[in-house]
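Contents: one structure, followed by commentary.
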Amino acid sequence: MTDSKTIAAISTAQGEGGIGVIRISGDEAIAVADKVFQNINGKLLSEMKGYTAAYGKIVSGAEELDEAVALVFRSPHSYTGEDVVELSCHGGVFITEQVLRAVLEAGAAPAQAGEFTKRAFLNGKVDLTEAEAVIDIISAKSRAAARAALCVRDGALHRRITAVKDSLLSLAAHLSAWADYPEEDIAEVTDEMIISTCESARKDLENLLATYDSGQAVKQGLDTVIAGRPNVGKSTLMNLLSGSEKSIVTEIPGTTRDVVEDTVVAGDVILRLSDTAGLRETDDVIEKIGVDRAKKRLEQCGLLLAVFDNSRELEDFDFQLLEAAKNVPSIAIVNKTDLPSKLNTDNISDYINNIVYISAATGEGKTELINAISELAGTNELNPSEGILSNERQRANVSAALKSVKEAREALDCGLTFDAVTVTLEEAIGELLEMTGEKASDEIIDRVFHNFCVGK
């Protein structure tokens, strides 16, 4: 630990609720809590064992603020690894702030953003990837996102990285020992030994990198555009996926004149949906702005849901949409399957491989569409329990480690000395150590906890 001061903050969301929690952590946490908490049976918190609770009153001088339950955690068996007291009082902005003020007046200092979890990291309770998973759990917007974050918090990613790191460390140590102490009876390092270790590490790191994009689809979501000609059913599809009347649906072409947005969960994928204006030529100034915005969104989206009318033949703007679909991940949605078909889907399949048939009005085909989205996003093969990369910092470290591992193998193939191989192996190890926080600068650590909320 670099800072031994006792800190405190409100750890529950600000607002009205049944309960509010004020967390206190540090060497003087229990002593500070004893100044504001009066146990109903007169026993001091300092006399209690860890993992015990007491009911009593919160006071500030002679004033009674609220009734509360105090939970006592003794070092090192706490979230932060320090002595911790959590005061659970009635929820509400005024009450929790009054209790926090009393705690601060009793000697605690205000906690900074993420400082409790930062102390857990500095005290060896979690590594940096596990600490980052805490904020992912808090911000999870779907079951899959929560599960992925929980698996990382439980150490799945840490174990995966440690296995690669340890294999590289063993090889680098063997190389150094064999080179530095030739007179000792140390087994000779062979080319086969280096190749085997590097190839195993390469495969493991590449497999880990492959989890990033699908992991982001689960965690952050895909910027998804629904596009097509007027009256193909874009707005009806938007309403079907969102489960509410987000877009106005009429038989009048040009009803949607601007981009309508919503965030929905399709299977395990979060979609940041945009229902755009129908693609057509128009003299209406407002509608034309909407069409131009729709075209711009097509160029920037992460997923295109291109909608076509099963009851109508393809027209020029349909083919323009198909041309745009070449440049982005796309799913062709043939809508209105409840009507007689006039659409030649062979023309669509020349541009888009993924074709789904639905009736947005009845809901038929929704399951097939969700399955297609999951397959395109890669989430159908994603196994969070194995550990996945959850942010750009982790991806950058793994990418750099992979590059160094490949360079180690290339150095060997080029006939360079084992010293050159050792240097690149050590660079790969350094990247993995930085990722877990075992060898990370203060700047990186501060950057990780900068985005945390106060109280966590």
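Ordering of the structure tokens sets the chain letters (A, B, ...); residue numbers start at 1 within each chain; ligands are numbered from 1 in the order shown.
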Using only C-alpha atoms, which residues sit within 8 Å of Asp27 in chain A once same-chain residues fewer than 3 positions away are excluded, as number ranges by chain?
A: 4-6, 30, 82-83
Would you mind exporting the chosen residues as a PDB file, in the first residue's frame, restricted to all heavy atoms?
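out_35.pdb, freshly written:
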```pdb
ATOM      1  N   SER A   4      -2.010   5.002   3.523  1.00  0.00           N
ATOM      2  CA  SER A   4      -2.619   4.308   4.659  1.00  0.00           C
ATOM      3  C   SER A   4      -3.779   5.078   5.277  1.00  0.00           C
ATOM      4  O   SER A   4      -4.335   4.656   6.285  1.00  0.00           O
ATOM      5  CB  SER A   4      -1.563   4.042   5.739  1.00  0.00           C
ATOM      6  OG  SER A   4      -1.010   5.272   6.190  1.00  0.00           O
ATOM      7  N   LYS A   5      -4.149   6.218   4.688  1.00  0.00           N
ATOM      8  CA  LYS A   5      -5.241   6.980   5.281  1.00  0.00           C
ATOM      9  C   LYS A   5      -6.544   6.196   5.193  1.00  0.00           C
ATOM     10  O   LYS A   5      -6.749   5.381   4.293  1.00  0.00           O
ATOM     11  CB  LYS A   5      -5.389   8.337   4.588  1.00  0.00           C
ATOM     12  CG  LYS A   5      -5.917   8.251   3.171  1.00  0.00           C
ATOM     13  CD  LYS A   5      -5.932   9.604   2.497  1.00  0.00           C
ATOM     14  CE  LYS A   5      -6.455   9.483   1.065  1.00  0.00           C
ATOM     15  NZ  LYS A   5      -6.137  10.609   0.225  1.00  0.00           N
ATOM     16  N   THR A   6      -7.428   6.461   6.123  1.00  0.00           N
ATOM     17  CA  THR A   6      -8.741   5.815   6.131  1.00  0.00           C
ATOM     18  C   THR A   6      -9.690   6.614   5.252  1.00  0.00           C
ATOM     19  O   THR A   6      -9.785   7.837   5.377  1.00  0.00           O
ATOM     20  CB  THR A   6      -9.285   5.722   7.564  1.00  0.00           C
ATOM     21  OG1 THR A   6      -8.416   4.856   8.319  1.00  0.00           O
ATOM     22  CG2 THR A   6     -10.691   5.156   7.574  1.00  0.00           C
ATOM     23  N   ILE A  30     -12.409   1.019  11.790  1.00  0.00           N
ATOM     24  CA  ILE A  30     -13.276   0.588  12.895  1.00  0.00           C
ATOM     25  C   ILE A  30     -13.346   1.664  13.967  1.00  0.00           C
ATOM     26  O   ILE A  30     -14.426   1.939  14.530  1.00  0.00           O
ATOM     27  CB  ILE A  30     -12.770  -0.753  13.472  1.00  0.00           C
ATOM     28  CG1 ILE A  30     -12.843  -1.836  12.376  1.00  0.00           C
ATOM     29  CG2 ILE A  30     -13.586  -1.165  14.694  1.00  0.00           C
ATOM     30  CD1 ILE A  30     -12.260  -3.169  12.789  1.00  0.00           C
ATOM     31  N   GLU A  82      -8.030  -4.346   3.781  1.00  0.00           N
ATOM     32  CA  GLU A  82      -7.844  -3.549   4.993  1.00  0.00           C
ATOM     33  C   GLU A  82      -9.015  -3.793   5.942  1.00  0.00           C
ATOM     34  O   GLU A  82      -9.961  -4.503   5.610  1.00  0.00           O
ATOM     35  CB  GLU A  82      -7.798  -2.060   4.628  1.00  0.00           C
ATOM     36  CG  GLU A  82      -6.767  -1.696   3.583  1.00  0.00           C
ATOM     37  CD  GLU A  82      -6.920  -0.264   3.105  1.00  0.00           C
ATOM     38  OE1 GLU A  82      -8.051   0.245   3.055  1.00  0.00           O
ATOM     39  OE2 GLU A  82      -5.893   0.345   2.779  1.00  0.00           O
ATOM     40  N   ASP A  83      -8.964  -3.180   7.134  1.00  0.00           N
ATOM     41  CA  ASP A  83     -10.151  -3.151   7.990  1.00  0.00           C
ATOM     42  C   ASP A  83     -11.234  -2.354   7.271  1.00  0.00           C
ATOM     43  O   ASP A  83     -10.974  -1.268   6.733  1.00  0.00           O
ATOM     44  CB  ASP A  83      -9.830  -2.491   9.336  1.00  0.00           C
ATOM     45  CG  ASP A  83      -9.029  -3.401  10.260  1.00  0.00           C
ATOM     46  OD1 ASP A  83      -8.972  -4.616   9.986  1.00  0.00           O
ATOM     47  OD2 ASP A  83      -8.471  -2.891  11.237  1.00  0.00           O
TER      48      ASP A  83
END
```
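Of the residues in range 47-213 of chain A, those that DSSP places in strand (DSSP E or B) on the basis of the backbone are A:Thr52, A:Ala53, A:Ala54, A:Tyr55, A:Gly56, A:Lys57, A:Ile58, A:Val59, A:Ser60, A:Glu63, A:Glu64, A:Leu65, A:Asp66, A:Glu67, A:Ala68, A:Val69, A:Ala70, A:Leu71, A:Val72, A:Phe73, A:Val84, A:Val85, A:Glu86, A:Leu87, A:Ser88, A:Cys89, A:Ala109, A:Pro110, A:Ala113.
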From CA of Pro384 in chain A to CA of Gly267 in chain A the spacing works out at 14.8 Å
My list of candidates is A:Asn327, A:Ser242, A:Thr197, A:Gln220. Which is closest to Val405 in chain A when distances are computed with only C-alpha atoms?
A:Thr197
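Proximity ranking of A:Phe121, A:Val59, A:Leu71, A:Glu392 relative to Asp213 in chain A places A:Glu392 first, based on only C-alpha atoms.
When only C-alpha atoms are used to measure the gap to Glu115 in chain A, the shortest distance among A:Val72, A:Ile24, A:Ala13, A:Leu168 belongs to A:Ile24.
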Residues near Gly91 in chain A, cut-off 9 Å, only C-alpha atoms, skip fewer than 4 positions along chain, as a PyMOL selection string
chain A and resi 12+14-21+95-96
My list of candidates is A:Gly455, A:Gly437, A:Gly387, A:Gly92. Which is closest to Cys151 in chain A when distances are computed with only C-alpha atoms?
A:Gly387
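With only C-alpha atoms as the atoms that count, the minimum distance from Thr162 in chain A to the choices A:Val32, A:Val265, A:Ile429, A:Ala113 is reached by A:Ile429.
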Between CA of Val69 in chain A and CA of Gln112 in chain A, measure the distance and give it in Å to one decimal.
24.2 Å
